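Below is work-v8.cif, which holds mmCIF, C-alpha atoms.
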```
data_upload
#
loop_
_atom_site.group_PDB
_atom_site.id
_atom_site.type_symbol
_atom_site.label_atom_id
_atom_site.label_comp_id
_atom_site.auth_asym_id
_atom_site.auth_seq_id
_atom_site.Cartn_x
_atom_site.Cartn_y
_atom_site.Cartn_z
ATOM 1 C CA MET A 34 131.069 31.472 144.081
ATOM 2 C CA ASN A 35 133.171 33.670 141.816
ATOM 3 C CA ASN A 36 131.988 36.916 140.261
ATOM 4 C CA THR A 37 131.220 35.432 136.849
ATOM 5 C CA LYS A 38 128.834 32.951 138.437
ATOM 6 C CA LYS A 39 127.215 35.674 140.563
ATOM 7 C CA ILE A 40 126.647 37.900 137.523
ATOM 8 C CA THR A 41 125.262 34.974 135.532
ATOM 9 C CA ILE A 42 122.806 34.139 138.305
ATOM 10 C CA CYS A 43 121.771 37.821 138.454
ATOM 11 C CA ALA A 44 121.186 37.924 134.695
ATOM 12 C CA ILE A 45 119.063 34.776 134.732
ATOM 13 C CA PHE A 46 117.115 36.025 137.744
ATOM 14 C CA THR A 47 116.535 39.460 136.239
ATOM 15 C CA ALA A 48 115.130 37.886 133.068
ATOM 16 C CA LEU A 49 112.992 35.565 135.173
ATOM 17 C CA ALA A 50 111.733 38.461 137.301
ATOM 18 C CA ILE A 51 110.703 40.474 134.225
ATOM 19 C CA ALA A 52 108.921 37.454 132.732
ATOM 20 C CA VAL A 53 107.151 36.727 136.029
ATOM 21 C CA SER A 54 106.065 40.390 136.432
ATOM 22 C CA ILE A 55 104.500 40.395 132.993
ATOM 23 C CA ALA A 56 102.956 36.931 133.326
ATOM 24 C CA GLU A 57 101.427 37.969 136.653
ATOM 25 C CA SER A 58 99.717 40.980 135.090
ATOM 26 C CA PHE A 59 97.537 38.557 133.110
ATOM 27 C CA ILE A 60 96.152 36.924 136.250
ATOM 28 C CA PRO A 61 92.969 38.782 137.240
ATOM 29 C CA PHE A 62 93.631 39.283 140.956
ATOM 30 C CA SER A 63 91.431 42.375 140.645
ATOM 31 C CA VAL A 64 88.460 40.042 141.079
ATOM 32 C CA ILE A 65 89.331 39.928 144.817
ATOM 33 C CA ALA A 66 89.642 43.728 145.091
ATOM 34 C CA PRO A 67 90.926 46.196 142.473
ATOM 35 C CA GLY A 68 94.645 46.743 142.893
ATOM 36 C CA VAL A 69 95.370 43.416 144.625
ATOM 37 C CA LYS A 70 98.473 41.584 143.390
ATOM 38 C CA LEU A 71 100.411 38.592 144.612
ATOM 39 C CA GLY A 72 103.697 40.274 143.763
ATOM 40 C CA ILE A 73 105.356 36.962 143.021
ATOM 41 C CA ALA A 74 108.227 38.766 141.245
ATOM 42 C CA ASN A 75 109.352 39.986 144.682
ATOM 43 C CA VAL A 76 110.416 36.424 145.473
ATOM 44 C CA ILE A 77 113.454 36.964 143.253
ATOM 45 C CA PRO A 78 115.109 39.962 144.968
ATOM 46 C CA LEU A 79 114.255 38.401 148.323
ATOM 47 C CA THR A 80 115.959 35.147 147.329
ATOM 48 C CA LEU A 81 119.024 37.029 146.062
ATOM 49 C CA LEU A 82 119.182 38.957 149.343
ATOM 50 C CA TYR A 83 119.873 35.659 151.120
ATOM 51 C CA VAL A 84 121.994 33.972 148.473
ATOM 52 C CA LEU A 85 124.164 36.788 147.029
ATOM 53 C CA GLY A 86 123.607 39.760 149.356
ATOM 54 C CA PRO A 87 121.919 43.186 149.347
ATOM 55 C CA VAL A 88 123.800 44.844 146.450
ATOM 56 C CA TYR A 89 122.725 42.139 143.998
ATOM 57 C CA ALA A 90 119.157 42.044 145.299
ATOM 58 C CA ILE A 91 118.685 45.825 145.050
ATOM 59 C CA SER A 92 120.252 46.024 141.562
ATOM 60 C CA VAL A 93 118.111 43.181 140.187
ATOM 61 C CA GLN A 94 114.989 44.822 141.624
ATOM 62 C CA ALA A 95 115.894 48.165 139.990
ATOM 63 C CA VAL A 96 116.566 46.591 136.580
ATOM 64 C CA ARG A 97 113.365 44.534 136.779
ATOM 65 C CA ILE A 98 111.193 47.579 137.539
ATOM 66 C CA ILE A 99 112.796 49.789 134.889
ATOM 67 C CA ALA A 100 112.529 47.048 132.247
ATOM 68 C CA THR A 101 108.883 46.193 132.989
ATOM 69 C CA GLY A 102 108.133 49.924 133.165
ATOM 70 C CA LEU A 103 109.497 50.375 129.651
ATOM 71 C CA LEU A 104 107.587 47.367 128.341
ATOM 72 C CA ARG A 105 104.173 48.430 129.616
ATOM 73 C CA GLY A 106 102.327 50.934 131.782
ATOM 74 C CA ASN A 107 102.623 54.702 131.906
ATOM 75 C CA LEU A 108 104.641 57.172 133.982
ATOM 76 C CA VAL A 109 102.284 57.057 136.977
ATOM 77 C CA THR A 110 102.223 53.257 137.194
ATOM 78 C CA PHE A 111 106.023 53.286 136.852
ATOM 79 C CA LEU A 112 106.353 55.701 139.777
ATOM 80 C CA PHE A 113 104.239 53.354 141.890
ATOM 81 C CA SER A 114 106.387 50.351 140.983
ATOM 82 C CA ILE A 115 109.722 52.068 141.482
ATOM 83 C CA PHE A 116 108.924 53.686 144.849
ATOM 84 C CA GLY A 117 107.144 50.610 146.185
ATOM 85 C CA GLY A 118 109.694 48.126 144.893
ATOM 86 C CA MET A 119 112.858 49.983 145.867
ATOM 87 C CA ALA A 120 111.595 50.973 149.338
ATOM 88 C CA SER A 121 110.560 47.384 149.935
ATOM 89 C CA ILE A 122 113.868 45.703 149.046
ATOM 90 C CA THR A 123 116.004 48.416 150.709
ATOM 91 C CA ILE A 124 114.144 48.182 154.026
ATOM 92 C CA CYS A 125 114.277 44.369 153.831
ATOM 93 C CA ALA A 126 118.049 44.526 153.290
ATOM 94 C CA LEU A 127 118.474 46.898 156.261
ATOM 95 C CA ILE A 128 116.333 44.744 158.547
ATOM 96 C CA LYS A 129 118.217 41.626 157.548
ATOM 97 C CA ARG A 130 121.530 43.374 158.270
ATOM 98 C CA GLN A 131 120.686 44.264 161.893
ATOM 99 C CA LYS A 132 120.844 41.449 164.394
ATOM 100 C CA LYS A 133 118.501 42.627 167.175
ATOM 101 C CA ILE A 134 115.233 41.391 165.696
ATOM 102 C CA GLU A 135 115.538 38.232 163.676
ATOM 103 C CA PHE A 136 112.818 37.497 161.163
ATOM 104 C CA SER A 137 112.537 34.383 159.040
ATOM 105 C CA VAL A 138 112.165 34.722 155.258
ATOM 106 C CA ILE A 139 108.393 34.775 155.690
ATOM 107 C CA GLY A 140 108.535 37.618 158.247
ATOM 108 C CA LEU A 141 110.886 39.612 156.047
ATOM 109 C CA SER A 142 108.579 39.066 153.082
ATOM 110 C CA VAL A 143 105.654 40.440 155.119
ATOM 111 C CA VAL A 144 107.768 43.490 156.062
ATOM 112 C CA GLY A 145 108.556 43.941 152.371
ATOM 113 C CA ALA A 146 104.892 43.724 151.389
ATOM 114 C CA ILE A 147 103.846 46.291 154.011
ATOM 115 C CA VAL A 148 106.668 48.694 153.074
ATOM 116 C CA HIS A 149 105.683 48.294 149.420
ATOM 117 C CA ASN A 150 102.107 49.143 150.295
ATOM 118 C CA THR A 151 103.023 52.111 152.508
ATOM 119 C CA ALA A 152 105.371 53.568 149.886
ATOM 120 C CA GLN A 153 102.593 53.293 147.310
ATOM 121 C CA PHE A 154 100.197 55.042 149.679
ATOM 122 C CA PHE A 155 102.575 57.995 149.956
ATOM 123 C CA THR A 156 103.072 58.018 146.186
ATOM 124 C CA ALA A 157 99.290 58.097 145.694
ATOM 125 C CA LEU A 158 99.035 60.831 148.339
ATOM 126 C CA VAL A 159 101.566 62.985 146.477
ATOM 127 C CA ILE A 160 99.845 62.376 143.134
ATOM 128 C CA LEU A 161 96.236 62.854 144.236
ATOM 129 C CA ARG A 162 96.709 65.058 147.361
ATOM 130 C CA ASN A 163 93.621 63.505 148.884
ATOM 131 C CA ILE A 164 93.674 61.694 152.229
ATOM 132 C CA ASN A 165 90.496 59.743 151.333
ATOM 133 C CA ILE A 166 92.581 57.128 149.551
ATOM 134 C CA PHE A 167 93.948 56.016 152.934
ATOM 135 C CA TRP A 168 91.036 53.640 153.448
ATOM 136 C CA TYR A 169 91.554 51.933 150.177
ATOM 137 C CA ILE A 170 95.238 51.405 150.858
ATOM 138 C CA ALA A 171 94.348 50.054 154.317
ATOM 139 C CA ILE A 172 92.150 47.405 152.678
ATOM 140 C CA LEU A 173 94.927 46.566 150.235
ATOM 141 C CA ALA A 174 97.377 46.282 153.155
ATOM 142 C CA VAL A 175 95.388 43.326 154.517
ATOM 143 C CA PHE A 176 95.882 41.544 151.206
ATOM 144 C CA ALA A 177 99.524 42.642 151.183
ATOM 145 C CA VAL A 178 100.153 40.697 154.404
ATOM 146 C CA ILE A 179 98.563 37.561 152.932
ATOM 147 C CA ALA A 180 100.561 38.009 149.692
ATOM 148 C CA GLY A 181 103.708 38.594 151.791
ATOM 149 C CA ILE A 182 103.247 35.301 153.627
ATOM 150 C CA LEU A 183 102.676 33.405 150.368
ATOM 151 C CA THR A 184 105.667 34.931 148.545
ATOM 152 C CA GLY A 185 107.745 34.367 151.707
ATOM 153 C CA ILE A 186 106.962 30.649 151.609
ATOM 154 C CA ILE A 187 107.947 30.493 147.923
ATOM 155 C CA ALA A 188 111.175 32.427 148.670
ATOM 156 C CA LYS A 189 112.017 30.041 151.522
ATOM 157 C CA TYR A 190 112.072 27.069 149.147
ATOM 158 C CA SER A 191 113.907 28.875 146.365
ATOM 159 C CA ILE A 192 116.631 29.984 148.822
ATOM 160 C CA LYS A 193 117.033 26.402 149.989
ATOM 161 C CA ALA A 194 117.331 25.169 146.402
ATOM 162 C CA LEU A 195 119.752 27.890 145.333
ATOM 163 C CA GLU A 196 122.005 27.449 148.368
ATOM 164 C CA LYS A 197 122.284 23.757 147.619
ATOM 165 C CA TYR A 198 123.177 24.607 144.030
ATOM 166 C CA SER A 199 125.788 27.219 144.953
ATOM 167 C CA LYS A 200 127.543 24.717 147.271
ATOM 168 C CA SER A 201 128.074 22.341 144.395
ATOM 169 C CA PHE A 202 130.585 24.772 142.859
ATOM 170 C CA MET B 50 108.414 30.962 161.351
ATOM 171 C CA LYS B 51 110.291 32.695 164.150
ATOM 172 C CA LYS B 52 108.965 34.521 167.215
ATOM 173 C CA ALA B 53 109.523 37.929 165.575
ATOM 174 C CA ASP B 54 107.362 36.856 162.601
ATOM 175 C CA ILE B 55 104.449 35.939 164.848
ATOM 176 C CA VAL B 56 104.793 39.228 166.787
ATOM 177 C CA LEU B 57 104.889 41.234 163.539
ATOM 178 C CA ILE B 58 101.834 39.536 162.052
ATOM 179 C CA SER B 59 99.908 39.890 165.346
ATOM 180 C CA ILE B 60 100.714 43.632 165.520
ATOM 181 C CA LEU B 61 99.555 44.051 161.933
ATOM 182 C CA ILE B 62 96.282 42.228 162.630
ATOM 183 C CA CYS B 63 95.663 44.552 165.634
ATOM 184 C CA VAL B 64 96.371 47.653 163.510
ATOM 185 C CA PHE B 65 93.961 46.404 160.846
ATOM 186 C CA LEU B 66 91.263 45.782 163.455
ATOM 187 C CA VAL B 67 91.636 49.375 164.723
ATOM 188 C CA PHE B 68 91.434 50.703 161.149
ATOM 189 C CA PHE B 69 88.390 48.550 160.488
ATOM 190 C CA GLY B 70 86.684 49.865 163.638
ATOM 191 C CA VAL B 71 87.331 53.515 162.752
ATOM 192 C CA TYR B 72 86.183 52.860 159.179
ATOM 193 C CA LEU B 73 82.999 51.147 160.322
ATOM 194 C CA PHE B 74 82.036 53.954 162.710
ATOM 195 C CA SER B 75 82.941 56.875 160.456
ATOM 196 C CA ASP B 76 79.746 58.730 159.622
ATOM 197 C CA THR B 77 79.187 59.055 155.893
ATOM 198 C CA ASN B 78 75.394 58.667 155.793
ATOM 199 C CA ASN B 79 74.838 62.192 154.492
ATOM 200 C CA ASP B 80 77.378 61.974 151.710
ATOM 201 C CA ASP B 81 75.484 62.536 148.501
ATOM 202 C CA ILE B 82 77.534 65.076 146.589
ATOM 203 C CA LEU B 83 79.729 63.624 143.920
ATOM 204 C CA ILE B 84 83.220 65.029 143.481
ATOM 205 C CA ILE B 85 85.497 64.151 140.594
ATOM 206 C CA GLN B 86 89.087 65.140 141.024
ATOM 207 C CA GLN B 87 91.594 65.120 138.186
ATOM 208 C CA ASP B 88 95.244 65.945 138.740
ATOM 209 C CA GLN B 89 94.499 67.537 142.163
ATOM 210 C CA LYS B 90 91.761 69.799 140.754
ATOM 211 C CA ILE B 91 88.037 69.330 141.300
ATOM 212 C CA ILE B 92 86.442 69.130 137.876
ATOM 213 C CA TYR B 93 82.898 68.086 138.818
ATOM 214 C CA LYS B 94 80.704 68.768 141.852
ATOM 215 C CA GLU B 95 77.014 67.835 141.633
ATOM 216 C CA SER B 96 74.354 65.901 143.521
ATOM 217 C CA ILE B 97 74.548 62.141 143.076
ATOM 218 C CA TYR B 98 70.858 62.184 142.070
ATOM 219 C CA LYS B 99 71.466 64.246 138.955
ATOM 220 C CA ASP B 100 71.896 61.765 136.078
ATOM 221 C CA ASN B 101 74.884 62.567 133.949
ATOM 222 C CA GLU B 102 77.710 61.158 131.909
ATOM 223 C CA ILE B 103 80.990 62.940 132.533
ATOM 224 C CA GLU B 104 83.765 62.634 129.991
ATOM 225 C CA ILE B 105 87.210 63.209 131.438
ATOM 226 C CA ARG B 106 89.818 64.388 128.985
ATOM 227 C CA ASN B 107 93.580 64.673 129.251
ATOM 228 C CA GLU B 108 95.682 67.719 128.252
ATOM 229 C CA SER B 109 95.645 66.707 124.590
ATOM 230 C CA GLY B 110 91.842 66.435 124.569
ATOM 231 C CA ALA B 111 91.500 62.652 124.332
ATOM 232 C CA ILE B 112 88.899 60.988 126.554
ATOM 233 C CA THR B 113 90.637 58.985 129.279
ATOM 234 C CA ASN B 114 87.650 58.066 131.452
ATOM 235 C CA ILE B 115 83.864 58.275 131.521
ATOM 236 C CA VAL B 116 81.963 58.475 134.800
ATOM 237 C CA THR B 117 78.278 57.579 134.642
ATOM 238 C CA VAL B 118 75.753 58.872 137.183
ATOM 239 C CA LYS B 119 72.432 57.073 136.943
ATOM 240 C CA GLU B 120 69.552 56.848 139.447
ATOM 241 C CA GLY B 121 71.793 57.694 142.397
ATOM 242 C CA LYS B 122 74.540 55.297 141.356
ATOM 243 C CA VAL B 123 77.991 56.356 140.218
ATOM 244 C CA TYR B 124 80.439 54.171 138.344
ATOM 245 C CA MET B 125 83.356 54.356 135.954
ATOM 246 C CA SER B 126 81.976 53.215 132.606
ATOM 247 C CA TYR B 127 85.109 53.676 130.511
ATOM 248 C CA ALA B 128 88.843 53.866 131.130
ATOM 249 C CA ASP B 129 91.706 53.860 128.640
ATOM 250 C CA CYS B 130 94.219 52.236 131.011
ATOM 251 C CA ALA B 131 95.382 48.629 130.814
ATOM 252 C CA ASN B 132 94.146 47.077 134.047
ATOM 253 C CA LYS B 133 90.682 48.723 134.310
ATOM 254 C CA ASP B 134 90.861 48.668 138.117
ATOM 255 C CA CYS B 135 88.593 51.707 138.341
ATOM 256 C CA ILE B 136 85.846 49.938 136.370
ATOM 257 C CA HIS B 137 86.130 46.937 138.701
ATOM 258 C CA MET B 138 85.750 49.194 141.738
ATOM 259 C CA GLY B 139 81.991 49.070 141.287
ATOM 260 C CA GLU B 140 79.301 51.600 142.172
ATOM 261 C CA LEU B 141 79.049 54.416 144.680
ATOM 262 C CA THR B 142 75.656 55.208 146.183
ATOM 263 C CA ALA B 143 74.683 57.865 148.762
ATOM 264 C CA GLY B 144 76.556 57.134 152.013
ATOM 265 C CA SER B 145 79.198 54.924 150.371
ATOM 266 C CA LYS B 146 82.456 54.895 152.275
ATOM 267 C CA LYS B 147 84.592 53.930 149.299
ATOM 268 C CA GLN B 148 86.051 55.865 146.391
ATOM 269 C CA ILE B 149 86.790 55.071 142.777
ATOM 270 C CA ALA B 150 90.371 55.791 141.815
ATOM 271 C CA CYS B 151 92.102 55.687 138.468
ATOM 272 C CA LEU B 152 95.731 56.203 139.392
ATOM 273 C CA PRO B 153 97.302 56.057 135.901
ATOM 274 C CA ASN B 154 95.088 59.011 134.919
ATOM 275 C CA LYS B 155 95.280 60.691 138.366
ATOM 276 C CA ILE B 156 91.498 60.601 138.825
ATOM 277 C CA LEU B 157 89.609 60.184 142.089
ATOM 278 C CA VAL B 158 85.823 59.928 142.381
ATOM 279 C CA TYR B 159 84.318 60.262 145.869
ATOM 280 C CA LEU B 160 81.369 61.548 147.871
ATOM 281 C CA VAL B 161 81.047 64.299 150.462
ATOM 282 C CA SER B 162 78.136 65.775 152.430
ATOM 283 C CA ALA B 163 76.705 69.255 151.835
ATOM 284 C CA LYS B 164 77.958 70.192 155.315
ATOM 285 C CA GLN B 165 81.538 69.311 154.415
ATOM 286 C CA ILE B 166 81.364 71.647 151.444
ATOM 287 C CA ILE B 167 80.129 74.498 153.656
ATOM 288 C CA ASP B 168 82.842 73.766 156.206
ATOM 289 C CA GLY B 169 85.379 73.862 153.424
ATOM 290 C CA ILE B 170 86.856 70.501 154.365
ATOM 291 C CA THR B 171 86.793 69.413 150.784
ATOM 292 C CA ARG B 172 89.577 70.641 148.635
#
```
Starting from the file, lay out its structure as structure tokens.
Amino acid sequence: MNNTKKITICAIFTALAIAVSIAESFIPFSVIAPGVKLGIANVIPLTLLYVLGPVYAISVQAVRIIATGLLRGNLVTFLFSIFGGMASITICALIKRQKKIEFSVIGLSVVGAIVHNTAQFFTALVILRNINIFWYIAILAVFAVIAGILTGIIAKYSIKALEKYSKSF
Amino acid sequence: MKKADIVLISILICVFLVFFGVYLFSDTNNDDILIIQQDQKIIYKESIYKDNEIEIRNESGAITNIVTVKEGKVYMSYADCANKDCIHMGELTAGSKKQIACLPNKILVYLVSAKQIIDGITR
């Protein structure tokens, strides 16, 4: 794939990620427990990590979070998204790079979900300076693992589809 | 799924079980003093049995949240944020282990016991 094609794919995927992030905010996952999210937008950087590599995945994630942050939410919710999102994709990229422990897409997605959750716990800790919130984040972490498995399965199929597509060039 | 995936998920399940155990056995039965914290400062400290409606205002004086205390139950009755997670967090009663948090407005509502206040554990 040449650079023009890579950049085009990134542009389409960034737009898709922003649309998915906003569409997801209308689904009332809070019925399960307040704060629960499927995080389906994370499928996109994860897919790009496999198809185009870490630089593209991390950049798309950054643009997605900044753009959705500008479109809605306040400074605090933006801080949560940026720390959670960037920590998640960076750690995923590092884990994928090393060859000692080999995870599948689903495993890597679960790692991403847990890192996301942990980063948000530390952000909340800095903002509120109260350790009591730990229990709430621990409950959310259980849902994060389930969400990680589900988004991992979606990512697995989108990687397969995109790899097939990129071979046709 | 690969072997590493299964190992990872199993480890996580074990960690969650430990957390759940500690959570279940933590003693909060005497917690009946309501604390409201805004931006790292405690702005309200009263018994949960004293009915009240606490308006929380931001720096510019606009009401961001309202906490209602009624017949020993505490809940967030109003929030100006988009997702209203704090309202969905439900009620706290004496001995509740949970908290109500409104992260966009940096508000945390939780309970402590009178002993904790004497010990100075609560900030």
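The space between atom CA of B:Asn107 and atom CA of B:Ala131 spans 16.2 Å.
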Interface list for chain B, partner chain A, 8 Å threshold, only C-alpha atoms, as a count of residues only | 27
Go ahead and compute the interatomic distance for atom CA of B:Ala163 and atom CA of B:Thr142, in Å to one decimal.
->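 The value is 15.2 Å.
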Set up a box along x, y and z of the file covering all listed atoms of stretch 127-135 of chain A, add 3 Å on every one of the six sides, and write the centre and edge lengths in Å to one decimal, as JSON.
```
{"center_x": 118.4, "center_y": 42.6, "center_z": 161.7, "size_x": 12.3, "size_y": 14.7, "size_z": 16.9}
```
Run through the PyMOL selection byres ((chain A and resi 52) around 12) on the given coordinates and return the selected residues as a VMD selection string.
-> chain A and resid 45 to 51 53 to 59 73 to 74 77 97 to 98 100 to 101 104
Separation of atom CA of A:Ser114 and atom CA of A:Ile192, in Å?
->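 According to the coordinates, atom CA of A:Ser114 and atom CA of A:Ile192 are separated by 24.1 Å.
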Please provide as a PyMOL selection string all residues within 7 Å of B:Val118, with the sequence filter that same-chain residues fewer than 3 positions apart are discarded (counting only C-alpha atoms).
-> chain B and resi 97+100-102+121-124
Mind checking which residues fall within 12 Å of B:Ser145, counting only C-alpha atoms, ignoring those fewer than 6 positions away in the same chain, and posting them as a ChimeraX atom specification?
-> /B:72-73,75-83,97,121-123,139,158-162
Include C-alpha atoms and write out the residues we just selected as a PDB file, in the coordinates of the input.
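Result went into again_15.pdb, see below:
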```
ATOM      1  CA  TYR B  72      86.183  52.860 159.179  1.00  0.00           C
ATOM      2  CA  LEU B  73      82.999  51.147 160.322  1.00  0.00           C
ATOM      3  CA  SER B  75      82.941  56.875 160.456  1.00  0.00           C
ATOM      4  CA  ASP B  76      79.746  58.730 159.622  1.00  0.00           C
ATOM      5  CA  THR B  77      79.187  59.055 155.893  1.00  0.00           C
ATOM      6  CA  ASN B  78      75.394  58.667 155.793  1.00  0.00           C
ATOM      7  CA  ASN B  79      74.838  62.192 154.492  1.00  0.00           C
ATOM      8  CA  ASP B  80      77.378  61.974 151.710  1.00  0.00           C
ATOM      9  CA  ASP B  81      75.484  62.536 148.501  1.00  0.00           C
ATOM     10  CA  ILE B  82      77.534  65.076 146.589  1.00  0.00           C
ATOM     11  CA  LEU B  83      79.729  63.624 143.920  1.00  0.00           C
ATOM     12  CA  ILE B  97      74.548  62.141 143.076  1.00  0.00           C
ATOM     13  CA  GLY B 121      71.793  57.694 142.397  1.00  0.00           C
ATOM     14  CA  LYS B 122      74.540  55.297 141.356  1.00  0.00           C
ATOM     15  CA  VAL B 123      77.991  56.356 140.218  1.00  0.00           C
ATOM     16  CA  GLY B 139      81.991  49.070 141.287  1.00  0.00           C
ATOM     17  CA  VAL B 158      85.823  59.928 142.381  1.00  0.00           C
ATOM     18  CA  TYR B 159      84.318  60.262 145.869  1.00  0.00           C
ATOM     19  CA  LEU B 160      81.369  61.548 147.871  1.00  0.00           C
ATOM     20  CA  VAL B 161      81.047  64.299 150.462  1.00  0.00           C
ATOM     21  CA  SER B 162      78.136  65.775 152.430  1.00  0.00           C
TER      22      SER B 162
END
```
Run the PyMOL selection byres ((chain A and resi 116-128) around 6) against the file shown and list the residues it catches, as an MDAnalysis selection string.
-> chainID A and resid 87 113:115 129:131 145 148:149 152:153
Chain and number of each residue from the PyMOL selection byres ((chain A and resi 88) around 12), as an NGL selection string | :A and (39-40 or 43 or 78-79 or 81-87 or 89-95 or 122-123 or 126-127)
So which one's closest to B:Lys146, B:Cys130, B:Val56, B:Val71, B:Glu104? Using only C-alpha atoms, please.
->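 The shortest atom-to-atom distance to B:Lys146 comes from B:Val71.
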